[in-house]
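Everything below belongs to start-v1.pdb, which stores PDB, N, CA, C and O atoms and all ligand atoms.
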ATOM      1  N   MET A   1      -4.718   4.305 -12.042
ATOM      2  CA  MET A   1      -4.125   5.313 -11.169
ATOM      3  C   MET A   1      -3.406   4.618 -10.023
ATOM      4  O   MET A   1      -3.960   3.741  -9.370
ATOM      5  N   ALA A   2      -2.166   5.013  -9.786
ATOM      6  CA  ALA A   2      -1.381   4.392  -8.720
ATOM      7  C   ALA A   2      -1.953   4.765  -7.356
ATOM      8  O   ALA A   2      -2.482   5.857  -7.171
ATOM      9  N   TYR A   3      -1.807   3.833  -6.448
ATOM     10  CA  TYR A   3      -2.238   4.085  -5.067
ATOM     11  C   TYR A   3      -1.132   4.839  -4.348
ATOM     12  O   TYR A   3       0.013   4.394  -4.305
ATOM     13  N   LEU A   4      -1.439   5.995  -3.794
ATOM     14  CA  LEU A   4      -0.441   6.803  -3.104
ATOM     15  C   LEU A   4      -0.817   6.969  -1.638
ATOM     16  O   LEU A   4      -1.997   7.021  -1.288
ATOM     17  N   LEU A   5       0.230   7.058  -0.803
ATOM     18  CA  LEU A   5       0.020   7.248   0.630
ATOM     19  C   LEU A   5       0.084   8.725   0.975
ATOM     20  O   LEU A   5       0.741   9.503   0.292
ATOM     21  N   SER A   6      -0.554   9.088   2.058
ATOM     22  CA  SER A   6      -0.492  10.469   2.530
ATOM     23  C   SER A   6       0.901  10.774   3.063
ATOM     24  O   SER A   6       1.477   9.994   3.810
ATOM     25  N   CYS A   7       1.403  11.916   2.691
ATOM     26  CA  CYS A   7       2.720  12.370   3.133
ATOM     27  C   CYS A   7       2.612  12.945   4.542
ATOM     28  O   CYS A   7       1.743  13.785   4.794
ATOM     29  N   PRO A   8       3.476  12.497   5.484
ATOM     30  CA  PRO A   8       3.411  13.044   6.845
ATOM     31  C   PRO A   8       3.812  14.518   6.901
ATOM     32  O   PRO A   8       3.435  15.225   7.841
ATOM     33  N   ALA A   9       4.552  14.983   5.918
ATOM     34  CA  ALA A   9       5.018  16.376   5.939
ATOM     35  C   ALA A   9       3.955  17.342   5.424
ATOM     36  O   ALA A   9       3.705  18.383   6.027
ATOM     37  N   CYS A  10       3.315  17.019   4.305
ATOM     38  CA  CYS A  10       2.388  17.995   3.705
ATOM     39  C   CYS A  10       0.944  17.486   3.663
ATOM     40  O   CYS A  10       0.065  18.205   3.220
ATOM     41  N   GLN A  11       0.717  16.233   4.110
ATOM     42  CA  GLN A  11      -0.621  15.623   4.184
ATOM     43  C   GLN A  11      -1.240  15.322   2.816
ATOM     44  O   GLN A  11      -2.350  14.813   2.737
ATOM     45  N   ALA A  12      -0.563  15.655   1.737
ATOM     46  CA  ALA A  12      -1.090  15.330   0.413
ATOM     47  C   ALA A  12      -0.796  13.865   0.097
ATOM     48  O   ALA A  12       0.111  13.262   0.686
ATOM     49  N   GLU A  13      -1.545  13.274  -0.818
ATOM     50  CA  GLU A  13      -1.273  11.892  -1.207
ATOM     51  C   GLU A  13      -0.179  11.903  -2.262
ATOM     52  O   GLU A  13      -0.438  12.100  -3.440
ATOM     53  N   GLY A  14       1.059  11.715  -1.802
ATOM     54  CA  GLY A  14       2.177  11.859  -2.724
ATOM     55  C   GLY A  14       3.274  10.828  -2.575
ATOM     56  O   GLY A  14       4.317  10.940  -3.201
ATOM     57  N   LEU A  15       3.046   9.764  -1.762
ATOM     58  CA  LEU A  15       4.089   8.755  -1.566
ATOM     59  C   LEU A  15       3.714   7.453  -2.251
ATOM     60  O   LEU A  15       2.625   6.926  -2.059
ATOM     61  N   ASP A  16       4.657   6.937  -3.041
ATOM     62  CA  ASP A  16       4.418   5.704  -3.790
ATOM     63  C   ASP A  16       4.832   4.496  -2.951
ATOM     64  O   ASP A  16       6.012   4.325  -2.661
ATOM     65  N   PRO A  17       3.885   3.644  -2.536
ATOM     66  CA  PRO A  17       4.225   2.521  -1.652
ATOM     67  C   PRO A  17       4.970   1.395  -2.357
ATOM     68  O   PRO A  17       5.395   0.444  -1.708
ATOM     69  N   ARG A  18       5.149   1.483  -3.670
ATOM     70  CA  ARG A  18       5.865   0.424  -4.379
ATOM     71  C   ARG A  18       7.369   0.512  -4.167
ATOM     72  O   ARG A  18       8.093  -0.411  -4.497
ATOM     73  N   ARG A  19       7.836   1.649  -3.644
ATOM     74  CA  ARG A  19       9.267   1.824  -3.463
ATOM     75  C   ARG A  19       9.578   1.934  -1.982
ATOM     76  O   ARG A  19       8.835   2.548  -1.233
ATOM     77  N   SER A  20      10.716   1.357  -1.545
ATOM     78  CA  SER A  20      11.083   1.456  -0.135
ATOM     79  C   SER A  20      11.664   2.826   0.168
ATOM     80  O   SER A  20      11.600   3.301   1.296
ATOM     81  N   GLU A  21      12.252   3.463  -0.836
ATOM     82  CA  GLU A  21      12.726   4.827  -0.655
ATOM     83  C   GLU A  21      11.998   5.681  -1.679
ATOM     84  O   GLU A  21      12.095   5.445  -2.879
ATOM     85  N   THR A  22      11.246   6.626  -1.194
ATOM     86  CA  THR A  22      10.379   7.372  -2.086
ATOM     87  C   THR A  22      10.384   8.831  -1.659
ATOM     88  O   THR A  22      10.690   9.158  -0.522
ATOM     89  N   SER A  23      10.061   9.710  -2.594
ATOM     90  CA  SER A  23       9.908  11.099  -2.186
ATOM     91  C   SER A  23       8.535  11.588  -2.602
ATOM     92  O   SER A  23       7.953  11.122  -3.586
ATOM     93  N   CYS A  24       8.017  12.516  -1.826
ATOM     94  CA  CYS A  24       6.664  13.016  -2.019
ATOM     95  C   CYS A  24       6.571  13.766  -3.346
ATOM     96  O   CYS A  24       7.399  14.629  -3.641
ATOM     97  N   THR A  25       5.560  13.437  -4.131
ATOM     98  CA  THR A  25       5.388  14.111  -5.418
ATOM     99  C   THR A  25       4.911  15.545  -5.217
ATOM    100  O   THR A  25       4.970  16.350  -6.144
ATOM    101  N   GLN A  26       4.408  15.867  -4.020
ATOM    102  CA  GLN A  26       3.895  17.211  -3.765
ATOM    103  C   GLN A  26       4.947  18.133  -3.158
ATOM    104  O   GLN A  26       5.151  19.236  -3.628
ATOM    105  N   CYS A  27       5.625  17.690  -2.079
ATOM    106  CA  CYS A  27       6.565  18.586  -1.391
ATOM    107  C   CYS A  27       8.016  18.189  -1.603
ATOM    108  O   CYS A  27       8.920  18.918  -1.210
ATOM    109  N   GLY A  28       8.266  16.997  -2.167
ATOM    110  CA  GLY A  28       9.635  16.603  -2.505
ATOM    111  C   GLY A  28      10.443  16.009  -1.362
ATOM    112  O   GLY A  28      11.584  15.614  -1.556
ATOM    113  N   LYS A  29       9.865  15.905  -0.165
ATOM    114  CA  LYS A  29      10.604  15.323   0.960
ATOM    115  C   LYS A  29      10.783  13.816   0.737
ATOM    116  O   LYS A  29       9.891  13.158   0.218
ATOM    117  N   ALA A  30      11.953  13.295   1.174
ATOM    118  CA  ALA A  30      12.262  11.879   0.980
ATOM    119  C   ALA A  30      11.916  11.078   2.231
ATOM    120  O   ALA A  30      12.152  11.533   3.354
ATOM    121  N   PHE A  31      11.362   9.883   2.021
ATOM    122  CA  PHE A  31      10.969   9.005   3.120
ATOM    123  C   PHE A  31      11.379   7.579   2.823
ATOM    124  O   PHE A  31      11.524   7.180   1.667
ATOM    125  N   ARG A  32      11.540   6.817   3.914
ATOM    126  CA  ARG A  32      11.743   5.379   3.801
ATOM    127  C   ARG A  32      10.453   4.703   4.259
ATOM    128  O   ARG A  32       9.953   4.978   5.346
ATOM    129  N   LEU A  33       9.907   3.837   3.429
ATOM    130  CA  LEU A  33       8.641   3.162   3.736
ATOM    131  C   LEU A  33       8.901   1.708   4.078
ATOM    132  O   LEU A  33       9.558   1.002   3.330
ATOM    133  N   THR A  34       8.366   1.275   5.205
ATOM    134  CA  THR A  34       8.456  -0.137   5.572
ATOM    135  C   THR A  34       7.045  -0.676   5.741
ATOM    136  O   THR A  34       6.323  -0.240   6.641
ATOM    137  N   PRO A  35       6.626  -1.611   4.861
ATOM    138  CA  PRO A  35       5.279  -2.153   4.981
ATOM    139  C   PRO A  35       5.186  -3.229   6.065
ATOM    140  O   PRO A  35       6.104  -4.025   6.235
ATOM    141  N   HIS A  36       4.077  -3.217   6.792
ATOM    142  CA  HIS A  36       3.839  -4.211   7.834
ATOM    143  C   HIS A  36       2.512  -4.908   7.591
ATOM    144  O   HIS A  36       1.564  -4.308   7.077
ATOM    145  N   CYS A  37       2.459  -6.156   8.024
ATOM    146  CA  CYS A  37       1.240  -6.958   7.888
ATOM    147  C   CYS A  37       0.140  -6.403   8.810
ATOM    148  O   CYS A  37       0.395  -6.143   9.989
ATOM    149  N   PRO A  38      -1.076  -6.206   8.284
ATOM    150  CA  PRO A  38      -2.163  -5.695   9.129
ATOM    151  C   PRO A  38      -2.625  -6.713  10.170
ATOM    152  O   PRO A  38      -3.268  -6.354  11.158
ATOM    153  N   ASP A  39      -2.298  -7.982   9.955
ATOM    154  CA  ASP A  39      -2.753  -9.021  10.887
ATOM    155  C   ASP A  39      -1.744  -9.320  11.986
ATOM    156  O   ASP A  39      -2.093  -9.412  13.154
ATOM    157  N   CYS A  40      -0.465  -9.490  11.610
ATOM    158  CA  CYS A  40       0.516  -9.925  12.617
ATOM    159  C   CYS A  40       1.612  -8.887  12.851
ATOM    160  O   CYS A  40       2.464  -9.090  13.701
ATOM    161  N   ASP A  41       1.617  -7.804  12.074
ATOM    162  CA  ASP A  41       2.566  -6.715  12.253
ATOM    163  C   ASP A  41       3.994  -7.053  11.829
ATOM    164  O   ASP A  41       4.919  -6.285  12.085
ATOM    165  N   SER A  42       4.215  -8.198  11.182
ATOM    166  CA  SER A  42       5.553  -8.504  10.665
ATOM    167  C   SER A  42       5.884  -7.595   9.500
ATOM    168  O   SER A  42       4.991  -7.122   8.798
ATOM    169  N   GLU A  43       7.190  -7.392   9.284
ATOM    170  CA  GLU A  43       7.593  -6.639   8.115
ATOM    171  C   GLU A  43       7.309  -7.483   6.872
ATOM    172  O   GLU A  43       7.552  -8.681   6.851
ATOM    173  N   LEU A  44       6.769  -6.846   5.831
ATOM    174  CA  LEU A  44       6.380  -7.567   4.625
ATOM    175  C   LEU A  44       7.485  -7.535   3.586
ATOM    176  O   LEU A  44       8.256  -6.590   3.497
ATOM    177  N   GLU A  45       7.526  -8.604   2.798
ATOM    178  CA  GLU A  45       8.456  -8.703   1.688
ATOM    179  C   GLU A  45       7.753  -8.185   0.425
ATOM    180  O   GLU A  45       6.582  -8.466   0.216
ATOM    181  N   ARG A  46       8.481  -7.418  -0.393
ATOM    182  CA  ARG A  46       7.866  -6.947  -1.650
ATOM    183  C   ARG A  46       7.923  -8.047  -2.687
ATOM    184  O   ARG A  46       8.952  -8.675  -2.888
ATOM    185  N   VAL A  47       6.815  -8.289  -3.351
ATOM    186  CA  VAL A  47       6.802  -9.259  -4.440
ATOM    187  C   VAL A  47       6.227  -8.577  -5.675
ATOM    188  O   VAL A  47       5.344  -7.734  -5.585
ATOM    189  N   GLN A  48       6.775  -8.943  -6.811
ATOM    190  CA  GLN A  48       6.345  -8.313  -8.051
ATOM    191  C   GLN A  48       5.646  -9.360  -8.903
ATOM    192  O   GLN A  48       6.213 -10.404  -9.210
ATOM    193  N   ALA A  49       4.398  -9.098  -9.255
ATOM    194  CA  ALA A  49       3.635 -10.019 -10.086
ATOM    195  C   ALA A  49       2.931  -9.239 -11.175
ATOM    196  O   ALA A  49       2.183  -8.309 -10.880
ATOM    197  N   CYS A  50       3.190  -9.586 -12.416
ATOM    198  CA  CYS A  50       2.524  -8.948 -13.559
ATOM    199  C   CYS A  50       2.660  -7.423 -13.529
ATOM    200  O   CYS A  50       1.698  -6.708 -13.806
ATOM    201  N   GLY A  51       3.827  -6.930 -13.121
ATOM    202  CA  GLY A  51       4.049  -5.492 -13.127
ATOM    203  C   GLY A  51       3.510  -4.789 -11.898
ATOM    204  O   GLY A  51       3.885  -3.671 -11.619
ATOM    205  N   ALA A  52       2.618  -5.439 -11.163
ATOM    206  CA  ALA A  52       2.074  -4.817  -9.957
ATOM    207  C   ALA A  52       2.866  -5.318  -8.754
ATOM    208  O   ALA A  52       3.173  -6.496  -8.664
ATOM    209  N   VAL A  53       3.176  -4.434  -7.840
ATOM    210  CA  VAL A  53       3.897  -4.834  -6.645
ATOM    211  C   VAL A  53       2.919  -4.971  -5.489
ATOM    212  O   VAL A  53       2.124  -4.083  -5.220
ATOM    213  N   ASP A  54       2.965  -6.128  -4.861
ATOM    214  CA  ASP A  54       2.209  -6.326  -3.638
ATOM    215  C   ASP A  54       3.182  -6.855  -2.599
ATOM    216  O   ASP A  54       4.368  -6.937  -2.851
ATOM    217  N   PHE A  55       2.672  -7.188  -1.443
ATOM    218  CA  PHE A  55       3.547  -7.605  -0.359
ATOM    219  C   PHE A  55       3.162  -9.010   0.088
ATOM    220  O   PHE A  55       2.030  -9.447  -0.080
ATOM    221  N   PHE A  56       4.161  -9.680   0.687
ATOM    222  CA  PHE A  56       3.930 -11.030   1.173
ATOM    223  C   PHE A  56       4.345 -11.109   2.627
ATOM    224  O   PHE A  56       5.427 -10.648   3.000
ATOM    225  N   CYS A  57       3.460 -11.698   3.450
ATOM    226  CA  CYS A  57       3.783 -11.900   4.851
ATOM    227  C   CYS A  57       4.279 -13.323   5.033
ATOM    228  O   CYS A  57       3.540 -14.280   4.776
ATOM    229  N   ASN A  58       5.535 -13.459   5.461
ATOM    230  CA  ASN A  58       6.101 -14.794   5.642
ATOM    231  C   ASN A  58       5.516 -15.504   6.855
ATOM    232  O   ASN A  58       5.509 -16.722   6.911
ATOM    233  N   ARG A  59       5.021 -14.755   7.819
ATOM    234  CA  ARG A  59       4.458 -15.387   8.999
ATOM    235  C   ARG A  59       3.047 -15.907   8.721
ATOM    236  O   ARG A  59       2.695 -17.024   9.092
ATOM    237  N   CYS A  60       2.225 -15.080   8.053
ATOM    238  CA  CYS A  60       0.854 -15.507   7.737
ATOM    239  C   CYS A  60       0.794 -16.339   6.458
ATOM    240  O   CYS A  60      -0.231 -16.934   6.154
ATOM    241  N   ASN A  61       1.906 -16.328   5.681
ATOM    242  CA  ASN A  61       1.925 -17.029   4.408
ATOM    243  C   ASN A  61       0.846 -16.498   3.460
ATOM    244  O   ASN A  61       0.144 -17.248   2.801
ATOM    245  N   ASN A  62       0.726 -15.180   3.427
ATOM    246  CA  ASN A  62      -0.356 -14.533   2.702
ATOM    247  C   ASN A  62       0.141 -13.347   1.904
ATOM    248  O   ASN A  62       1.030 -12.632   2.351
ATOM    249  N   LEU A  63      -0.481 -13.110   0.756
ATOM    250  CA  LEU A  63      -0.243 -11.868   0.028
ATOM    251  C   LEU A  63      -1.040 -10.750   0.699
ATOM    252  O   LEU A  63      -2.168 -10.956   1.130
ATOM    253  N   VAL A  64      -0.428  -9.569   0.773
ATOM    254  CA  VAL A  64      -1.109  -8.411   1.348
ATOM    255  C   VAL A  64      -1.105  -7.317   0.285
ATOM    256  O   VAL A  64      -0.061  -7.015  -0.302
ATOM    257  N   SER A  65      -2.244  -6.728   0.026
ATOM    258  CA  SER A  65      -2.293  -5.695  -1.003
ATOM    259  C   SER A  65      -1.720  -4.389  -0.473
ATOM    260  O   SER A  65      -1.609  -4.178   0.733
ATOM    261  N   LYS A  66      -1.355  -3.518  -1.407
ATOM    262  CA  LYS A  66      -0.798  -2.216  -1.028
ATOM    263  C   LYS A  66      -1.768  -1.432  -0.154
ATOM    264  O   LYS A  66      -1.381  -0.694   0.726
ATOM    265  N   ARG A  67      -3.050  -1.583  -0.440
ATOM    266  CA  ARG A  67      -4.047  -0.823   0.318
ATOM    267  C   ARG A  67      -4.254  -1.387   1.715
ATOM    268  O   ARG A  67      -4.661  -0.663   2.624
ATOM    269  N   ALA A  68      -4.009  -2.687   1.890
ATOM    270  CA  ALA A  68      -4.250  -3.302   3.200
ATOM    271  C   ALA A  68      -3.051  -3.160   4.134
ATOM    272  O   ALA A  68      -3.214  -3.169   5.351
ATOM    273  N   ALA A  69      -1.847  -3.028   3.562
ATOM    274  CA  ALA A  69      -0.640  -2.980   4.396
ATOM    275  C   ALA A  69      -0.623  -1.729   5.269
ATOM    276  O   ALA A  69      -1.218  -0.711   4.930
ATOM    277  N   ARG A  70       0.060  -1.829   6.415
ATOM    278  CA  ARG A  70       0.314  -0.655   7.241
ATOM    279  C   ARG A  70       1.738  -0.211   6.950
ATOM    280  O   ARG A  70       2.619  -1.045   6.762
ATOM    281  N   TYR A  71       1.979   1.077   6.953
ATOM    282  CA  TYR A  71       3.297   1.574   6.587
ATOM    283  C   TYR A  71       3.940   2.340   7.724
ATOM    284  O   TYR A  71       3.302   3.181   8.353
ATOM    285  N   ASP A  72       5.207   1.983   7.934
ATOM    286  CA  ASP A  72       6.039   2.776   8.822
ATOM    287  C   ASP A  72       6.768   3.780   7.929
ATOM    288  O   ASP A  72       7.480   3.385   7.017
ATOM    289  N   ILE A  73       6.560   5.062   8.142
ATOM    290  CA  ILE A  73       7.117   6.086   7.260
ATOM    291  C   ILE A  73       8.136   6.926   8.034
ATOM    292  O   ILE A  73       7.778   7.612   8.990
ATOM    293  N   GLN A  74       9.408   6.795   7.652
ATOM    294  CA  GLN A  74      10.487   7.526   8.332
ATOM    295  C   GLN A  74      11.068   8.564   7.387
ATOM    296  O   GLN A  74      11.401   8.235   6.258
ATOM    297  N   PRO A  75      11.240   9.794   7.857
ATOM    298  CA  PRO A  75      11.907  10.789   7.016
ATOM    299  C   PRO A  75      13.366  10.396   6.792
ATOM    300  O   PRO A  75      13.974   9.789   7.670
ATOM    301  N   GLN A  76      13.907  10.714   5.641
ATOM    302  CA  GLN A  76      15.311  10.383   5.357
ATOM    303  C   GLN A  76      16.202  11.588   5.603
ATOM    304  O   GLN A  76      15.836  12.686   5.281
TER     305      GLN A  76
HETATM  306 ZN    ZN B   1       4.667  15.902   0.941
HETATM  307 ZN    ZN B   2       1.174 -11.462   8.802
END

How does this structure look as structure tokens?
Amino acid sequence: MAYLLSCPACQAEGLDPRRSETSCTQCGKAFRLTPHCPDCDSELERVQACGAVDFFCNRCNNLVSKRAARYDIQPQ
């Protein structure tokens, strides 16, 4: 089961963090997602490994999982 983020518009878990531009599967509103490192707050780079997308922090030199990242969610 994919990990989904809570939608700021309808509060349901309907946003896919694997995409930078995503729309809520529940209410259909479009958002731009920017992942940030939980440790240093830098913007994370998306990396794709074995079909799963995780994030990489260039400052910490560390992989960050989708569940650990913090997301800046802007309506489009
Ligand atoms: Zn929604
Ligand atoms: Zn970091």

Using the chain letters and numbering of this document, enumerate as an MDAnalysis selection string the residues selected by the PyMOL selection byres (((not hetatm)) within 6 of (chain B and resi 2)).
chainID A and resid 37:42 57:61

Kindly save the residues from that selection, with N, CA, C and O atoms included, as a PDB file, keeping the file's coordinate frame.
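The resulting again-v4.pdb:
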ATOM      1  N   CYS A  37       2.459  -6.156   8.024  1.00  0.00           N
ATOM      2  CA  CYS A  37       1.240  -6.958   7.888  1.00  0.00           C
ATOM      3  C   CYS A  37       0.140  -6.403   8.810  1.00  0.00           C
ATOM      4  O   CYS A  37       0.395  -6.143   9.989  1.00  0.00           O
ATOM      5  N   PRO A  38      -1.076  -6.206   8.284  1.00  0.00           N
ATOM      6  CA  PRO A  38      -2.163  -5.695   9.129  1.00  0.00           C
ATOM      7  C   PRO A  38      -2.625  -6.713  10.170  1.00  0.00           C
ATOM      8  O   PRO A  38      -3.268  -6.354  11.158  1.00  0.00           O
ATOM      9  N   ASP A  39      -2.298  -7.982   9.955  1.00  0.00           N
ATOM     10  CA  ASP A  39      -2.753  -9.021  10.887  1.00  0.00           C
ATOM     11  C   ASP A  39      -1.744  -9.320  11.986  1.00  0.00           C
ATOM     12  O   ASP A  39      -2.093  -9.412  13.154  1.00  0.00           O
ATOM     13  N   CYS A  40      -0.465  -9.490  11.610  1.00  0.00           N
ATOM     14  CA  CYS A  40       0.516  -9.925  12.617  1.00  0.00           C
ATOM     15  C   CYS A  40       1.612  -8.887  12.851  1.00  0.00           C
ATOM     16  O   CYS A  40       2.464  -9.090  13.701  1.00  0.00           O
ATOM     17  N   ASP A  41       1.617  -7.804  12.074  1.00  0.00           N
ATOM     18  CA  ASP A  41       2.566  -6.715  12.253  1.00  0.00           C
ATOM     19  C   ASP A  41       3.994  -7.053  11.829  1.00  0.00           C
ATOM     20  O   ASP A  41       4.919  -6.285  12.085  1.00  0.00           O
ATOM     21  N   SER A  42       4.215  -8.198  11.182  1.00  0.00           N
ATOM     22  CA  SER A  42       5.553  -8.504  10.665  1.00  0.00           C
ATOM     23  C   SER A  42       5.884  -7.595   9.500  1.00  0.00           C
ATOM     24  O   SER A  42       4.991  -7.122   8.798  1.00  0.00           O
ATOM     25  N   CYS A  57       3.460 -11.698   3.450  1.00  0.00           N
ATOM     26  CA  CYS A  57       3.783 -11.900   4.851  1.00  0.00           C
ATOM     27  C   CYS A  57       4.279 -13.323   5.033  1.00  0.00           C
ATOM     28  O   CYS A  57       3.540 -14.280   4.776  1.00  0.00           O
ATOM     29  N   ASN A  58       5.535 -13.459   5.461  1.00  0.00           N
ATOM     30  CA  ASN A  58       6.101 -14.794   5.642  1.00  0.00           C
ATOM     31  C   ASN A  58       5.516 -15.504   6.855  1.00  0.00           C
ATOM     32  O   ASN A  58       5.509 -16.722   6.911  1.00  0.00           O
ATOM     33  N   ARG A  59       5.021 -14.755   7.819  1.00  0.00           N
ATOM     34  CA  ARG A  59       4.458 -15.387   8.999  1.00  0.00           C
ATOM     35  C   ARG A  59       3.047 -15.907   8.721  1.00  0.00           C
ATOM     36  O   ARG A  59       2.695 -17.024   9.092  1.00  0.00           O
ATOM     37  N   CYS A  60       2.225 -15.080   8.053  1.00  0.00           N
ATOM     38  CA  CYS A  60       0.854 -15.507   7.737  1.00  0.00           C
ATOM     39  C   CYS A  60       0.794 -16.339   6.458  1.00  0.00           C
ATOM     40  O   CYS A  60      -0.231 -16.934   6.154  1.00  0.00           O
ATOM     41  N   ASN A  61       1.906 -16.328   5.681  1.00  0.00           N
ATOM     42  CA  ASN A  61       1.925 -17.029   4.408  1.00  0.00           C
ATOM     43  C   ASN A  61       0.846 -16.498   3.460  1.00  0.00           C
ATOM     44  O   ASN A  61       0.144 -17.248   2.801  1.00  0.00           O
TER      45      ASN A  61
END

Considering all atoms listed in the file, return as a tab-separated table (two decimals) with N, CA, C and O atoms, in the coordinates of the input whatever protein or nucleic-acid residues lie within 8 Å of region 12-25 of chain A, sequence-local ones (same chain, fewer than 3 positions apart) excluded.
chain	number	residue	atom	x	y	z
A	2	ALA	N	-2.17	5.01	-9.79
A	2	ALA	CA	-1.38	4.39	-8.72
A	2	ALA	C	-1.95	4.76	-7.36
A	2	ALA	O	-2.48	5.86	-7.17
A	3	TYR	N	-1.81	3.83	-6.45
A	3	TYR	CA	-2.24	4.08	-5.07
A	3	TYR	C	-1.13	4.84	-4.35
A	3	TYR	O	0.01	4.39	-4.30
A	4	LEU	N	-1.44	6.00	-3.79
A	4	LEU	CA	-0.44	6.80	-3.10
A	4	LEU	C	-0.82	6.97	-1.64
A	4	LEU	O	-2.00	7.02	-1.29
A	5	LEU	N	0.23	7.06	-0.80
A	5	LEU	CA	0.02	7.25	0.63
A	5	LEU	C	0.08	8.72	0.98
A	5	LEU	O	0.74	9.50	0.29
A	6	SER	N	-0.55	9.09	2.06
A	6	SER	CA	-0.49	10.47	2.53
A	6	SER	C	0.90	10.77	3.06
A	6	SER	O	1.48	9.99	3.81
A	7	CYS	N	1.40	11.92	2.69
A	7	CYS	CA	2.72	12.37	3.13
A	7	CYS	C	2.61	12.94	4.54
A	7	CYS	O	1.74	13.78	4.79
A	8	PRO	N	3.48	12.50	5.48
A	8	PRO	CA	3.41	13.04	6.84
A	8	PRO	C	3.81	14.52	6.90
A	8	PRO	O	3.44	15.22	7.84
A	9	ALA	N	4.55	14.98	5.92
A	9	ALA	CA	5.02	16.38	5.94
A	9	ALA	C	3.96	17.34	5.42
A	9	ALA	O	3.70	18.38	6.03
A	28	GLY	N	8.27	17.00	-2.17
A	28	GLY	CA	9.64	16.60	-2.50
A	28	GLY	C	10.44	16.01	-1.36
A	28	GLY	O	11.58	15.61	-1.56
A	29	LYS	N	9.86	15.90	-0.16
A	29	LYS	CA	10.60	15.32	0.96
A	29	LYS	C	10.78	13.82	0.74
A	29	LYS	O	9.89	13.16	0.22
A	30	ALA	N	11.95	13.30	1.17
A	30	ALA	CA	12.26	11.88	0.98
A	30	ALA	C	11.92	11.08	2.23
A	30	ALA	O	12.15	11.53	3.35
A	31	PHE	N	11.36	9.88	2.02
A	31	PHE	CA	10.97	9.01	3.12
A	31	PHE	C	11.38	7.58	2.82
A	31	PHE	O	11.52	7.18	1.67
A	32	ARG	N	11.54	6.82	3.91
A	32	ARG	CA	11.74	5.38	3.80
A	32	ARG	C	10.45	4.70	4.26
A	32	ARG	O	9.95	4.98	5.35
A	33	LEU	N	9.91	3.84	3.43
A	33	LEU	CA	8.64	3.16	3.74
A	33	LEU	C	8.90	1.71	4.08
A	33	LEU	O	9.56	1.00	3.33
A	34	THR	N	8.37	1.27	5.20
A	34	THR	CA	8.46	-0.14	5.57
A	34	THR	C	7.04	-0.68	5.74
A	34	THR	O	6.32	-0.24	6.64
A	35	PRO	N	6.63	-1.61	4.86
A	35	PRO	CA	5.28	-2.15	4.98
A	35	PRO	C	5.19	-3.23	6.06
A	35	PRO	O	6.10	-4.03	6.24
A	46	ARG	N	8.48	-7.42	-0.39
A	46	ARG	CA	7.87	-6.95	-1.65
A	46	ARG	C	7.92	-8.05	-2.69
A	46	ARG	O	8.95	-8.68	-2.89
A	47	VAL	N	6.82	-8.29	-3.35
A	47	VAL	CA	6.80	-9.26	-4.44
A	47	VAL	C	6.23	-8.58	-5.68
A	47	VAL	O	5.34	-7.73	-5.58
A	52	ALA	N	2.62	-5.44	-11.16
A	52	ALA	CA	2.07	-4.82	-9.96
A	52	ALA	C	2.87	-5.32	-8.75
A	52	ALA	O	3.17	-6.50	-8.66
A	53	VAL	N	3.18	-4.43	-7.84
A	53	VAL	CA	3.90	-4.83	-6.64
A	53	VAL	C	2.92	-4.97	-5.49
A	53	VAL	O	2.12	-4.08	-5.22
A	54	ASP	N	2.96	-6.13	-4.86
A	54	ASP	CA	2.21	-6.33	-3.64
A	54	ASP	C	3.18	-6.86	-2.60
A	54	ASP	O	4.37	-6.94	-2.85
A	66	LYS	N	-1.36	-3.52	-1.41
A	66	LYS	CA	-0.80	-2.22	-1.03
A	66	LYS	C	-1.77	-1.43	-0.15
A	66	LYS	O	-1.38	-0.69	0.73
A	72	ASP	N	5.21	1.98	7.93
A	72	ASP	CA	6.04	2.78	8.82
A	72	ASP	C	6.77	3.78	7.93
A	72	ASP	O	7.48	3.38	7.02
A	73	ILE	N	6.56	5.06	8.14
A	73	ILE	CA	7.12	6.09	7.26
A	73	ILE	C	8.14	6.93	8.03
A	73	ILE	O	7.78	7.61	8.99
A	74	GLN	N	9.41	6.80	7.65
A	74	GLN	CA	10.49	7.53	8.33
A	74	GLN	C	11.07	8.56	7.39
A	74	GLN	O	11.40	8.24	6.26
A	75	PRO	N	11.24	9.79	7.86
A	75	PRO	CA	11.91	10.79	7.02
A	75	PRO	C	13.37	10.40	6.79
A	75	PRO	O	13.97	9.79	7.67
A	76	GLN	N	13.91	10.71	5.64
A	76	GLN	CA	15.31	10.38	5.36
A	76	GLN	C	16.20	11.59	5.60
A	76	GLN	O	15.84	12.69	5.28

For the strand (DSSP E) assignment from backbone DSSP, which residues of region 13-75 of chain A qualify? Please present them as a VMD selection string.
chain A and resid 13 to 15 21 to 23 30 to 36 45 to 49 52 to 57 62 to 64 70 to 75

For the atom pair CA of Arg70 (chain A) and CA of Ala49 (chain A), what is the interatomic distance in Å to one decimal place?
20.0 Å

For Glu45 (chain A), the nearest of the candidates A:Cys27, A:Val64, A:Ala69, A:Cys10, counting only N, CA, C and O atoms:
A:Val64

Box for region 38-50 of chain A: with edges along x, y and z, all listed atoms inside and 8 Å added on each side, what are the centre and edge lengths in Å to one decimal, as lines of an AutoDock Vina configuration file?
center_x = 2.8
center_y = -8.0
center_z = -0.1
size_x = 28.2
size_y = 20.7
size_z = 43.5

Coordinates-based distance that separates atom O of Leu44 (chain A) from CA of Asn62 (chain A) (Å, one decimal)
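If I compute the distance from CA of Asn62 (chain A) to atom O of Leu44 (chain A), I get 11.7 Å.
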
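Straight-line separation from CA of Ser65 (chain A) to CA of Gln11 (chain A): 22.0 Å.
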
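Distance check against ligand ZN 1 (chain B) using only N, CA, C and O atoms and all ligand atoms: of A:Gln26, A:Gln48, A:Ala68, A:Phe55, the minimum falls on A:Gln26.
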